[in-house]
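Q: Just passing along the structure, written as C-alpha cells.
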Amino acid sequence: MTLNQLFQSLISYIPATNMNMRKAYQPDEIIAGVQYDIFSNTTNKNVAVFSVDNQGKLLYFSVEDEILKPSNYTLKRDELIEKASHFVKTFYPEMYKNCKLASFLKLGNAYTVHFAYQDEQLHLFLPETGVTLFLTKSGKISTIISFHDKNTNIHYPDVMISAEAAKKQYLHHLEPELLIAPMDTYYINNNGKFRLVYSIIERAFYIPADRGEIYVQKDAIKQIPFHKPEKVKTLKRIYTISLV
C-alpha cells in the first residue's frame with residue numbers, strides 16, 4: 001500500500017470531508033515513525049495524525065477528539081470487536097490472519113480492543129505484539145497503536161511449579177496493615193462509616209514458573225492511615241470513633 005493509498009483508506013474512518021495530508025510540522029516525540037497530519041482543506045486545522053515505519057506500514061493513527069462527535073448510540077461488544085477486526089484486516093492483513101483477540105476493555109465512554117500474537121508452545125499472548133484499537137461507544141475508531149516486532153525471546157524452564165505453589169508464594173509476600181478507613185460509596189458493602197480494617201500491601205508482582213527468585217516490588221506504596229495502633233488487641237466493645 002502506497003502512502004497515498006494509505007491516506008485514502010484512513011480518511012474513510014474520519015467523520016470529516018475535503019481532507020488532505022502533509023508531513024507533520026511538529027512531530028510528537030512519543031509517536032514512533034514518520035508522522036503525517038491529516039487536515040481540513042476548509043479550515044486548515046488538523047483532524048487526525050498517523051505515522052508509518054521505513055517500509056510504509058502504519059504504526060499509529062489518531063483522530064482529534066473534536067472531530068469524533070459524541071453519540072448516545074452504543075454498539076454491543078461483538079459489534080465493536082467486528083469494527084476493530086475490519087480495521088485490522090484492512091491495514092494489517094498478516095496480523096488479521098495470525099493474531100487473536102487478547103482483550104476487550106471498557107474505559108469510561110471508550111473501549112479498547114487488543115489483538116496479539118501467541119507463543120507456539122503454551123499459546124499464551126505475547127506482550128507488546130499485535131495492535132491495540134481505541135473505539136468510541138458508537139464504534140468510531142479514535143486511536144490505533146501497532147507493534148510490528150514480535151521477536152520475543154522467551155525463556156522456557158525445564159520444570160514449572162504449579163499454580164497452587166505460586167499462590168502460596170504470593171500469599172507469603174502479602175503484608176496486612178491495620179488502619180482506620182472510610183467505607184464510602186466506592187465499596188459494594190459501604191455504609192458511610194469509618195471502620196477498622198486491614199489494608200493489604202502487595203509486594204510480589206510476578207512468581208517465576210521456574211522456582212527462581214520472586215520479582216518483589218522495590219518500594220511498595222503504603223496508604224497513610226488515619227491511625228495505626230502500636231499493638232493489635234481483640235476488641236470486645238464497640239466504640240464510636242470521631243475523627244477531626
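Ligands are numbered from 1 in the order shown, chains are lettered A, B, ... in the order of the C-alpha cells, and residues start at 1 in each chain.
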Region 153-168 of chain A: which residues within 12 Å, counting only C-alpha atoms, same-chain residues fewer than 3 positions away excluded, as a PyMOL selection string?

A: chain A and resi 118-122+124-127+149-150+171-174+204-214

Q: As number ranges by chain, please: all residues of region 29-200 of chain A that backbone DSSP puts in strand (DSSP E or B).

A: A: 34-40, 46-52, 58-63, 100-107, 110-116, 118, 125, 130-136, 141-147, 174-182, 194-200

Q: I'd like a table as JSON lines: residues in region 58-118 of chain A with an atom no more than 10 Å from region 33-41 of chain A, each row giving the shortest atom pair and its distance in Å to one decimal, only C-alpha atoms counted, sorted by chain and rising residue number.

A:
{"residue": "A:Leu58", "atom": "CA", "partner": "A:Gly33", "partner_atom": "CA", "distance": 8.8}
{"residue": "A:Leu59", "atom": "CA", "partner": "A:Gly33", "partner_atom": "CA", "distance": 7.0}
{"residue": "A:Tyr60", "atom": "CA", "partner": "A:Gly33", "partner_atom": "CA", "distance": 8.4}
{"residue": "A:Phe61", "atom": "CA", "partner": "A:Gln35", "partner_atom": "CA", "distance": 9.5}
{"residue": "A:Ser62", "atom": "CA", "partner": "A:Asp37", "partner_atom": "CA", "distance": 9.9}
{"residue": "A:Val63", "atom": "CA", "partner": "A:Ile38", "partner_atom": "CA", "distance": 9.0}

Q: Counting only C-alpha atoms, what are the residues of region 113-212 of chain A within 9 Å of region 11-21 of chain A, and for each of them which pair of atoms is the nearest and at what distance in Å, to one decimal? Sort the table by chain and rising number, as a Markdown table.

A:
| residue | atom | partner | partner_atom | distance |
| --- | --- | --- | --- | --- |
| A:Lys140 | CA | A:Tyr13 | CA | 7.3 |
| A:Ile141 | CA | A:Tyr13 | CA | 6.7 |
| A:Ser142 | CA | A:Ile14 | CA | 8.8 |

Q: Write a file of the just-selected residues containing N, CA and C atoms, as a PDB file, in the first residue's frame.

A:
ATOM      1  N   LYS A 140     -16.736   4.288  16.438  1.00  0.00           N
ATOM      2  CA  LYS A 140     -15.783   5.076  15.646  1.00  0.00           C
ATOM      3  C   LYS A 140     -14.362   4.816  16.149  1.00  0.00           C
ATOM      4  N   ILE A 141     -13.428   4.645  15.220  1.00  0.00           N
ATOM      5  CA  ILE A 141     -12.026   4.443  15.571  1.00  0.00           C
ATOM      6  C   ILE A 141     -11.438   5.769  16.034  1.00  0.00           C
ATOM      7  N   SER A 142     -10.844   5.788  17.227  1.00  0.00           N
ATOM      8  CA  SER A 142     -10.241   7.032  17.722  1.00  0.00           C
ATOM      9  C   SER A 142      -8.717   6.976  17.693  1.00  0.00           C
TER      10      SER A 142
END

Q: Just want the 9 Å neighbourhood of region 76-90 of chain A, counted on only C-alpha atoms, with same-chain residues fewer than 6 positions away dropped. Output as a list in words.

A: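 Here the answer would be Ser9, Tyr96, Lys97, Leu101, Phe104, Tyr111, Val113, His114, Phe115, Val131, Leu133, Phe134, Leu135, Thr136, Lys137, Ser138, Gly139, Lys140 and Ile141 of chain A.
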
Q: Quick check, in Å to one decimal: how far apart do CA of Lys57 (chain A) and CA of Gln26 (chain A) lie?

A: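 CA of Gln26 (chain A) lies at a distance of 20.8 Å from CA of Lys57 (chain A).
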
Q: To one decimal in Å, tell me the separation between CA of His123 (chain A) and CA of Leu107 (chain A).

A: 26.9 Å

Q: Just the residues within 10 Å of Glu64 (chain A), please, counting only C-alpha atoms, with nothing from its chain fewer than 2 positions along; format it as a list in words.

A: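 The neighbour list is Ile14, Asn46, Val47, Ala48, Val49, Ser62, Glu66, Ile67, Leu68, Ser142 and Thr143 of chain A.
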
Q: Generate a file of the selected residues that holds all heavy atoms, formatted as a JSON list (two decimals), in the first residue's frame.

A:
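Contents of the output file selection04.json:
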[["chain", "number", "residue", "atom", "x", "y", "z"],
["A", 14, "ILE", "N", -12.54, 8.84, 9.20],
["A", 14, "ILE", "CA", -12.60, 10.16, 9.82],
["A", 14, "ILE", "C", -13.92, 10.84, 9.43],
["A", 14, "ILE", "O", -14.19, 11.02, 8.24],
["A", 14, "ILE", "CB", -11.42, 11.04, 9.36],
["A", 14, "ILE", "CG1", -10.10, 10.34, 9.64],
["A", 14, "ILE", "CG2", -11.45, 12.40, 10.06],
["A", 14, "ILE", "CD1", -8.88, 11.05, 9.07],
["A", 46, "ASN", "N", -5.83, 20.47, 11.75],
["A", 46, "ASN", "CA", -5.61, 19.03, 11.75],
["A", 46, "ASN", "C", -6.85, 18.30, 12.27],
["A", 46, "ASN", "O", -7.46, 18.71, 13.26],
["A", 46, "ASN", "CB", -4.41, 18.67, 12.62],
["A", 46, "ASN", "CG", -3.10, 19.14, 12.02],
["A", 46, "ASN", "OD1", -3.02, 19.45, 10.83],
["A", 46, "ASN", "ND2", -2.05, 19.18, 12.83],
["A", 47, "VAL", "N", -7.18, 17.21, 11.60],
["A", 47, "VAL", "CA", -8.30, 16.39, 12.05],
["A", 47, "VAL", "C", -7.83, 15.02, 12.51],
["A", 47, "VAL", "O", -8.55, 14.30, 13.21],
["A", 47, "VAL", "CB", -9.35, 16.23, 10.93],
["A", 47, "VAL", "CG1", -9.98, 17.57, 10.59],
["A", 47, "VAL", "CG2", -8.74, 15.59, 9.68],
["A", 48, "ALA", "N", -6.59, 14.66, 12.14],
["A", 48, "ALA", "CA", -6.04, 13.36, 12.54],
["A", 48, "ALA", "C", -4.53, 13.37, 12.30],
["A", 48, "ALA", "O", -3.99, 14.28, 11.66],
["A", 48, "ALA", "CB", -6.69, 12.22, 11.76],
["A", 49, "VAL", "N", -3.87, 12.35, 12.83],
["A", 49, "VAL", "CA", -2.43, 12.17, 12.63],
["A", 49, "VAL", "C", -2.16, 10.69, 12.46],
["A", 49, "VAL", "O", -2.86, 9.85, 13.05],
["A", 49, "VAL", "CB", -1.63, 12.75, 13.82],
["A", 49, "VAL", "CG1", -1.99, 12.04, 15.11],
["A", 49, "VAL", "CG2", -0.13, 12.65, 13.57],
["A", 62, "SER", "N", -4.55, 8.44, 14.90],
["A", 62, "SER", "CA", -5.41, 9.02, 15.94],
["A", 62, "SER", "C", -6.22, 10.16, 15.35],
["A", 62, "SER", "O", -5.70, 11.01, 14.62],
["A", 62, "SER", "CB", -4.56, 9.53, 17.11],
["A", 62, "SER", "OG", -5.38, 10.04, 18.14],
["A", 66, "GLU", "N", -12.32, 16.48, 18.92],
["A", 66, "GLU", "CA", -13.40, 17.37, 18.50],
["A", 66, "GLU", "C", -14.07, 16.90, 17.21],
["A", 66, "GLU", "O", -15.20, 17.30, 16.90],
["A", 66, "GLU", "CB", -12.87, 18.79, 18.32],
["A", 66, "GLU", "CG", -11.78, 18.92, 17.26],
["A", 66, "GLU", "CD", -11.17, 20.30, 17.25],
["A", 66, "GLU", "OE1", -10.84, 20.82, 18.33],
["A", 66, "GLU", "OE2", -11.01, 20.85, 16.14],
["A", 67, "ILE", "N", -13.38, 16.04, 16.46],
["A", 67, "ILE", "CA", -13.96, 15.50, 15.23],
["A", 67, "ILE", "C", -14.91, 14.35, 15.53],
["A", 67, "ILE", "O", -15.90, 14.13, 14.84],
["A", 67, "ILE", "CB", -12.83, 15.03, 14.27],
["A", 67, "ILE", "CG1", -11.90, 16.19, 13.93],
["A", 67, "ILE", "CG2", -13.42, 14.44, 13.00],
["A", 67, "ILE", "CD1", -12.59, 17.35, 13.24],
["A", 68, "LEU", "N", -14.59, 13.61, 16.59],
["A", 68, "LEU", "CA", -15.43, 12.47, 16.98],
["A", 68, "LEU", "C", -16.61, 12.97, 17.81],
["A", 68, "LEU", "O", -16.55, 13.01, 19.04],
["A", 68, "LEU", "CB", -14.60, 11.46, 17.77],
["A", 68, "LEU", "CG", -13.43, 10.82, 17.02],
["A", 68, "LEU", "CD1", -12.58, 10.01, 17.98],
["A", 68, "LEU", "CD2", -13.93, 9.95, 15.88],
["A", 142, "SER", "N", -10.84, 5.79, 17.23],
["A", 142, "SER", "CA", -10.24, 7.03, 17.72],
["A", 142, "SER", "C", -8.72, 6.98, 17.69],
["A", 142, "SER", "O", -8.07, 7.95, 17.32],
["A", 142, "SER", "CB", -10.72, 7.34, 19.14],
["A", 142, "SER", "OG", -10.34, 6.31, 20.04],
["A", 143, "THR", "N", -8.14, 5.84, 18.07],
["A", 143, "THR", "CA", -6.68, 5.71, 18.09],
["A", 143, "THR", "C", -6.28, 4.27, 17.80],
["A", 143, "THR", "O", -6.95, 3.33, 18.22],
["A", 143, "THR", "CB", -6.10, 6.13, 19.46],
["A", 143, "THR", "OG1", -6.47, 7.47, 19.74],
["A", 143, "THR", "CG2", -4.57, 6.03, 19.46]]

Q: Any chance you could list, as a list in words, the residues in region 17-167 of chain A that come up helix (DSSP H, G or I) when DSSP is run on the backbone?

A: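 Answer for region 17-167 of chain A, restricted to helix (DSSP H, G or I): Arg77, Asp78, Glu79, Leu80, Ile81, Glu82, Lys83, Ala84, Ser85, His86, Phe87, Val88, Lys89, Thr90, Phe91, Pro93, Glu94, Met95, Tyr96, Lys97, Asn98, Ala163, Glu164, Ala165, Ala166 and Lys167 of chain A.
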
Q: Work out how far CA of Lys193 (chain A) is from CA of Leu179 (chain A), in Å to one decimal.

A: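 CA of Lys193 (chain A) lies at a distance of 13.6 Å from CA of Leu179 (chain A).
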